[in-house]
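This report concerns only the one structure given below.
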Amino acid sequence: MDPLEVAGLIAIGLAAGVASGLLGIGGGVLFVPGLVIFLDEPQLRAVSTSLVAVVIVAVVGAWRQGSYGNVRLRDGLIVGALSPLGVLLGAVLANTVSERALELSFAAVQLYFAWTLLGRAGLPLRRATR
């Protein structure tokens with residue numbers, strides 16, 4: 001691994017860590033595009049690598065936010081307990097569909113959440129009407 005790649009990984013890790021602690025995002029939202037765009041990783045490898053990194057971010061973030069009293073442990077455990085079933089299905093699908101389908105699906109999910117959050121923040125978003 002060359003020094004530029006190491007610097008890229010450090011930058012992605014720091015940015016994702018700050019975003020995770022500040023906004024509750026970081027893993028998939030920043031790790032995946034960062035690995036794809038800046039380190040030229042294929043989408044599937046970036047998604048898979050992100051899963052490893054998210055574990056570390058989640059543990060540290062939950063511990064720190066827990067010390068502030070911000071964690072709803074029961075809700076987190078319920079969501080977490082149900083997630084492995086989805087991960088098993090998602091991993092099979094990710095290894096079945098094309099790289100292009102993964103890229104477009106990831107982008108579509110990001111755009112949907114961005115649009116929804118902008119609307120919730122009070123921006124006057126109009127839907128296209130015919």
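Just remember, in the structure tokens the first chain shown is A, the second B, etc., residues are 1-based per chain, and ligands are 1-based in the order shown.
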Neighbouring residues of range 59-74 of chain A were defined as those with any atom within 12 Å, considering only C-alpha atoms; residues of the same chain fewer than 5 positions away were excluded. Please report them as a ChimeraX atom specification. /A:16-27,52-54,79-81
Store the residues picked out above, limited to C-alpha atoms, as a PDB file, in the first residue's frame.
```pdb
ATOM      1  CA  ALA A  16     -16.363   9.266   8.832  1.00  0.00           C
ATOM      2  CA  GLY A  17     -15.542   9.321  12.531  1.00  0.00           C
ATOM      3  CA  VAL A  18     -16.428  12.998  12.868  1.00  0.00           C
ATOM      4  CA  ALA A  19     -19.610  12.538  10.821  1.00  0.00           C
ATOM      5  CA  SER A  20     -20.564   9.509  12.864  1.00  0.00           C
ATOM      6  CA  GLY A  21     -20.141  11.255  16.200  1.00  0.00           C
ATOM      7  CA  LEU A  22     -21.774  14.464  15.005  1.00  0.00           C
ATOM      8  CA  LEU A  23     -24.561  13.207  12.761  1.00  0.00           C
ATOM      9  CA  GLY A  24     -24.881   9.483  13.436  1.00  0.00           C
ATOM     10  CA  ILE A  25     -23.597   8.685   9.955  1.00  0.00           C
ATOM     11  CA  GLY A  26     -20.212   7.748   8.635  1.00  0.00           C
ATOM     12  CA  GLY A  27     -20.069   4.074   7.848  1.00  0.00           C
ATOM     13  CA  VAL A  52     -15.706  -4.038   9.160  1.00  0.00           C
ATOM     14  CA  ALA A  53     -15.016  -0.361   9.797  1.00  0.00           C
ATOM     15  CA  VAL A  54     -18.594   0.308  10.929  1.00  0.00           C
ATOM     16  CA  VAL A  79     -32.874  -2.979  15.453  1.00  0.00           C
ATOM     17  CA  GLY A  80     -29.510  -4.705  15.877  1.00  0.00           C
ATOM     18  CA  ALA A  81     -31.068  -8.094  16.610  1.00  0.00           C
TER      19      ALA A  81
END
```
For range 87-89 of chain A, please output as an MDAnalysis selection string all residues within 12 Å (counting only C-alpha atoms; exclusion window: fewer than 6 positions along the same chain). chainID A and resid 47:48 51 80:81 95:96
Identify which of the residues A:Ala7, A:Asp75, A:Ser50, A:Gly122 lies closest to Phe31 in chain A, counting only C-alpha atoms when measuring atom-to-atom distances.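 Checking each candidate against Phe31 in chain A, we get A:Ser50 as the closest.
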Helix (DSSP H, G or I) call set, DSSP backbone run, range 26-80 of chain A, as a PyMOL selection string: chain A and resi 27-39+43-67+73-80
I'd like the contact shell of Thr49 in chain A - 10 Å cut-off, only C-alpha atoms, skipping same-chain residues fewer than 6 positions apart - returned as a list in words.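 Those residues are Gly27, Gly28, Phe31, Val32, Leu35, Glu41 and Gln43 of chain A.
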Filtering to C-alpha atoms, could you give me those residues as a CSV table (one decimal), in the first residue's frame?
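And here's again.csv as it stands now:
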```csv
chain,number,residue,atom,x,y,z
A,27,GLY,CA,-20.1,4.1,7.8
A,28,GLY,CA,-21.9,3.5,4.6
A,31,PHE,CA,-16.7,4.9,3.9
A,32,VAL,CA,-18.3,3.4,0.8
A,35,LEU,CA,-13.3,3.9,-0.9
A,41,GLU,CA,-12.2,0.2,-4.9
A,43,GLN,CA,-18.4,-1.0,-5.1
```
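CA of Leu102 in chain A sits 7.4 Å away from CA of Leu44 in chain A.
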